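For reference, the structure discussed in these notes is given below.
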Amino acid sequence: MHSTSALQRRKVLSWTMDTVTGACAVLVMGALFVILGYILAGGLRALNLDFLINEPKPVGEPGSGIANAIVGSLILVSLASAFGLPMGILAGIYLSEFSSGRAGSVLRFLIDTLTGVPSIVVGVFVWTLMVRPMGHFSALAGSVALGIMMMPIAARTTEEMLRLVPQNLREAALALGAPRWRVSLGVVLRTAAGGVATGSMLAVARVAGETAPLLFTALGLNYLSTHLNYPMASLTVQIFYYAASPYDEWHAMAWAATLVLITTILVIDIAVRVLTANRYQ
C-alpha cells in the first residue's frame with residue numbers, strides 16, 4: 001500500500017512538473033511570436049525597395065531609405081567579427097584544452113566578468129582609448145567596441161562545445177603521434193565546429209543589436225560612407241534616432257528598420273545552422 005501511494009505521488013509530481021515546464025516553454029515562445037508579430041505589423045507599412053536602396057532624405061520627401069545604415073552595420077559587424085571571433089575562439093580552445101588549475105579558473109572568471117560588463121561601459125572605454133585621442137568618432141572605434149563584446153561570448157561557447165567532444169578522440173589522435181596543437185585544431189575543433197559556429201552567431205547577433213557602444217564610437221551619419229576613420233551609420237543608431245524623433249514618418253521607418261535588422265540576424269542564423277547541421281556530425 002505504501003509503495004503504491006508513493007508511486008502515485010511520484011506520478012502526480014512528474015505530471016505537474018511536465019505541465020509547468022511545458023507551460024513555461026509555451027509562454028516563452030508566445031512572447032517571442034508576439035514581439036515578432038508586432039515588429040512585422042509595424043515594419044511592413046514602410047518597407048519597400050526604395051527604403052532598402054536609398055539614403056535618408058528630409059522629412060516629407062518621398063523615397064527615404066536606410067541604405068547607409070545597412071551598409072554601415074555590415075561593415076561594423078564584419079570588422080568586429082574579423083578580430084573578435086578568432087580571439088574568442090582561440091581563448092575558448094585554450095580554456096578547454098590547455099588551461100588547468102588556478103590560471104584557467106582566473107581566466108575563466110575574467111571572461112565571465114567581461115561578458116557581464118554593460119555595453120555602454122565598453123563604449124565609454126573605447127571612447128577613452130580611441131575616440132578621444134584621435135579627436136573624432138570613427139567606424140574603426142565602433143568595430144573595436146563590438147569586437148570586445150564578441151570575444152567573451154565566443155570564448156565561453158567555444159569552451160563548452162569543445163568539452164562535449166569525447167576524450168577518446170583526443171587520446172586516439174595523440175596515440176597516432178599528432179602534436180597537441182594539431183589535435184586541438186584538426187580533431188577537437190573540427191568535431192565541435194557546428195556548435196562553435198552557432199556560438200559565434202550568438203556573438204554576432206548580440207553585437208548586431210547594440211546601440212550604446214556605437215553612440216560613443218561610430219556615432220552615425222545621414223549618408224553612405226565606407227571610410228573607417230570617420231563616423232559611420234548603423235541600423236541600431238538609425239533606429240534610435242528615428243524612434244526618438246517627433247515625426248510619425250520616422251517612427252514608421254524605425255519599425256521597418258527594426259524588421260530589417262531582425263530578419264538579417266534570423267537569416268544568418270538559419271544559414272549557419274543549415275550549413276553546419278550535417279557537415280560535422
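In the C-alpha cells, chains take the letters A, B, ... in the order shown, each chain's residues start at 1, and ligands count up from 1 in the order shown.
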Could you produce a table of the residues of segment 85-138 of chain A lying within 8 Å of segment 231-247 of chain A, with the nearest pair of atoms per residue and their separation in Å rounded to one decimal, using only C-alpha atoms, ordered by chain and increasing residue number, as a tab-separated table?
```
residue	atom	partner	partner_atom	distance
A:His136	CA	A:Pro231	CA	8.0
A:Phe137	CA	A:Pro231	CA	5.3
A:Ser138	CA	A:Pro231	CA	4.4
```
May I have the residues from that selection written out with C-alpha atoms, as an mmCIF file, in the first residue's frame?
```cif
data_model
loop_
_atom_site.group_PDB
_atom_site.id
_atom_site.type_symbol
_atom_site.label_atom_id
_atom_site.label_comp_id
_atom_site.auth_asym_id
_atom_site.auth_seq_id
_atom_site.Cartn_x
_atom_site.Cartn_y
_atom_site.Cartn_z
ATOM 1 C CA HIS A 136 36.796 62.284 -33.750
ATOM 2 C CA PHE A 137 34.392 59.354 -33.962
ATOM 3 C CA SER A 138 35.213 56.514 -36.329
#
```
Report task. For Asn222 of chain A, list every protein, DNA or RNA residue within 8 Å, evaluated using only C-alpha atoms, and leave out those in the same chain fewer than 6 positions away; present the list as a list in words. Result ->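 Everything that qualifies: Glu55, Pro56, Asn68 and Ala233 of chain A.
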Query raised in the report: Could you pull out the helix (DSSP H, G or I) residues of segment 125-252 of chain A from DSSP and send them as a ChimeraX atom specification?
Result: /A:125-134,139-163,167-175,180-191,193-208,212-215,235-244,248-252
Suppose we keep C-alpha atoms; can you now write the selection as an mmCIF file, in the first residue's frame?
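Saved as selection-v2.cif:
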```cif
data_model
loop_
_atom_site.group_PDB
_atom_site.id
_atom_site.type_symbol
_atom_site.label_atom_id
_atom_site.label_comp_id
_atom_site.auth_asym_id
_atom_site.auth_seq_id
_atom_site.Cartn_x
_atom_site.Cartn_y
_atom_site.Cartn_z
ATOM 1 C CA PHE A 125 36.151 52.588 -22.557
ATOM 2 C CA VAL A 126 36.756 52.583 -26.335
ATOM 3 C CA TRP A 127 35.835 56.279 -26.490
ATOM 4 C CA THR A 128 38.540 56.995 -23.919
ATOM 5 C CA LEU A 129 41.025 54.682 -25.610
ATOM 6 C CA MET A 130 40.493 55.631 -29.259
ATOM 7 C CA VAL A 131 37.952 58.381 -29.938
ATOM 8 C CA ARG A 132 39.284 60.951 -27.508
ATOM 9 C CA PRO A 133 42.971 60.645 -28.556
ATOM 10 C CA MET A 134 42.027 60.761 -32.260
ATOM 11 C CA ALA A 139 33.913 53.216 -37.654
ATOM 12 C CA LEU A 140 37.150 51.587 -36.528
ATOM 13 C CA ALA A 141 36.453 52.517 -32.912
ATOM 14 C CA GLY A 142 32.922 51.162 -33.244
ATOM 15 C CA SER A 143 34.236 47.861 -34.588
ATOM 16 C CA VAL A 144 36.692 47.574 -31.691
ATOM 17 C CA ALA A 145 33.870 48.108 -29.189
ATOM 18 C CA LEU A 146 31.714 45.445 -30.829
ATOM 19 C CA GLY A 147 34.662 43.065 -31.108
ATOM 20 C CA ILE A 148 35.397 43.382 -27.388
ATOM 21 C CA MET A 149 31.809 42.380 -26.666
ATOM 22 C CA MET A 150 32.088 39.401 -29.025
ATOM 23 C CA MET A 151 35.216 37.866 -27.513
ATOM 24 C CA PRO A 152 33.890 36.580 -24.165
ATOM 25 C CA ILE A 153 30.730 35.119 -25.723
ATOM 26 C CA ALA A 154 32.735 33.284 -28.384
ATOM 27 C CA ALA A 155 35.275 32.105 -25.794
ATOM 28 C CA ARG A 156 32.767 30.599 -23.376
ATOM 29 C CA THR A 157 30.601 28.956 -26.037
ATOM 30 C CA THR A 158 33.695 27.511 -27.730
ATOM 31 C CA GLU A 159 34.943 26.114 -24.435
ATOM 32 C CA GLU A 160 31.617 24.459 -23.669
ATOM 33 C CA MET A 161 31.319 22.959 -27.157
ATOM 34 C CA LEU A 162 34.865 21.554 -27.052
ATOM 35 C CA ARG A 163 34.250 19.980 -23.659
ATOM 36 C CA GLN A 167 38.051 12.270 -24.685
ATOM 37 C CA ASN A 168 38.572 9.122 -26.774
ATOM 38 C CA LEU A 169 39.047 11.234 -29.896
ATOM 39 C CA ARG A 170 41.850 13.212 -28.271
ATOM 40 C CA GLU A 171 43.566 10.074 -26.996
ATOM 41 C CA ALA A 172 43.319 8.347 -30.382
ATOM 42 C CA ALA A 173 44.858 11.318 -32.205
ATOM 43 C CA LEU A 174 47.645 11.649 -29.647
ATOM 44 C CA ALA A 175 48.338 7.915 -29.907
ATOM 45 C CA ARG A 180 48.685 18.574 -29.040
ATOM 46 C CA TRP A 181 48.014 21.751 -31.036
ATOM 47 C CA ARG A 182 47.142 19.774 -34.157
ATOM 48 C CA VAL A 183 44.787 17.549 -32.173
ATOM 49 C CA SER A 184 43.054 20.625 -30.765
ATOM 50 C CA LEU A 185 42.630 22.349 -34.118
ATOM 51 C CA GLY A 186 42.279 19.417 -36.505
ATOM 52 C CA VAL A 187 40.269 16.960 -34.431
ATOM 53 C CA VAL A 188 38.590 18.586 -31.450
ATOM 54 C CA LEU A 189 37.688 21.909 -33.072
ATOM 55 C CA ARG A 190 36.586 20.221 -36.287
ATOM 56 C CA THR A 191 34.306 17.860 -34.384
ATOM 57 C CA ALA A 193 32.660 23.134 -35.440
ATOM 58 C CA GLY A 194 28.870 23.177 -35.683
ATOM 59 C CA GLY A 195 28.451 24.210 -32.064
ATOM 60 C CA VAL A 196 31.292 26.729 -32.303
ATOM 61 C CA ALA A 197 29.700 28.280 -35.390
ATOM 62 C CA THR A 198 26.379 28.535 -33.599
ATOM 63 C CA GLY A 199 28.069 30.179 -30.613
ATOM 64 C CA SER A 200 29.811 32.614 -32.926
ATOM 65 C CA MET A 201 26.470 33.556 -34.426
ATOM 66 C CA LEU A 202 25.150 34.221 -30.930
ATOM 67 C CA ALA A 203 28.004 36.677 -30.501
ATOM 68 C CA VAL A 204 27.235 38.300 -33.859
ATOM 69 C CA ALA A 205 23.539 38.545 -33.010
ATOM 70 C CA ARG A 206 24.389 40.107 -29.650
ATOM 71 C CA VAL A 207 26.509 42.923 -31.079
ATOM 72 C CA ALA A 208 24.361 43.452 -34.176
ATOM 73 C CA ALA A 212 25.041 52.258 -26.727
ATOM 74 C CA PRO A 213 28.672 51.476 -27.662
ATOM 75 C CA LEU A 214 28.174 52.868 -31.181
ATOM 76 C CA LEU A 215 26.843 56.165 -29.837
ATOM 77 C CA LEU A 235 20.907 50.206 -38.202
ATOM 78 C CA THR A 236 20.659 50.354 -34.428
ATOM 79 C CA VAL A 237 21.681 54.001 -34.160
ATOM 80 C CA GLN A 238 19.401 54.898 -37.070
ATOM 81 C CA ILE A 239 16.515 53.155 -35.306
ATOM 82 C CA PHE A 240 17.343 55.027 -32.110
ATOM 83 C CA TYR A 241 17.226 58.425 -33.807
ATOM 84 C CA TYR A 242 14.085 57.640 -35.790
ATOM 85 C CA ALA A 243 12.231 56.268 -32.770
ATOM 86 C CA ALA A 244 13.142 59.314 -30.655
ATOM 87 C CA ASP A 248 5.307 59.772 -37.500
ATOM 88 C CA GLU A 249 7.068 59.080 -40.798
ATOM 89 C CA TRP A 250 10.342 58.393 -38.988
ATOM 90 C CA HIS A 251 8.539 56.239 -36.433
ATOM 91 C CA ALA A 252 7.294 54.012 -39.263
#
```
Near-Leu261 of chain A list (8 Å; only C-alpha atoms; drop same-chain fewer than 4 positions) as a short mmCIF file (atom, residue, chain, number, x, y, z; two decimals) with C-alpha atoms, in the first residue's frame:
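For reference, around05.cif as written:
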```cif
data_model
loop_
_atom_site.label_atom_id
_atom_site.label_comp_id
_atom_site.auth_asym_id
_atom_site.auth_seq_id
_atom_site.Cartn_x
_atom_site.Cartn_y
_atom_site.Cartn_z
CA GLY A 209 21.61 44.80 -31.94
CA LEU A 235 20.91 50.21 -38.20
CA ALA A 257 14.49 49.21 -39.94
CA ILE A 265 20.01 38.13 -37.94
#
```
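The space between atom CA of Ala218 of chain A and atom CA of Gly123 of chain A spans 9.8 Å.
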Query raised in the report: Could you state the separation of atom CA of Gly104 of chain A and atom CA of Leu164 of chain A in Å, given to one decimal place?
Result: 17.9 Å
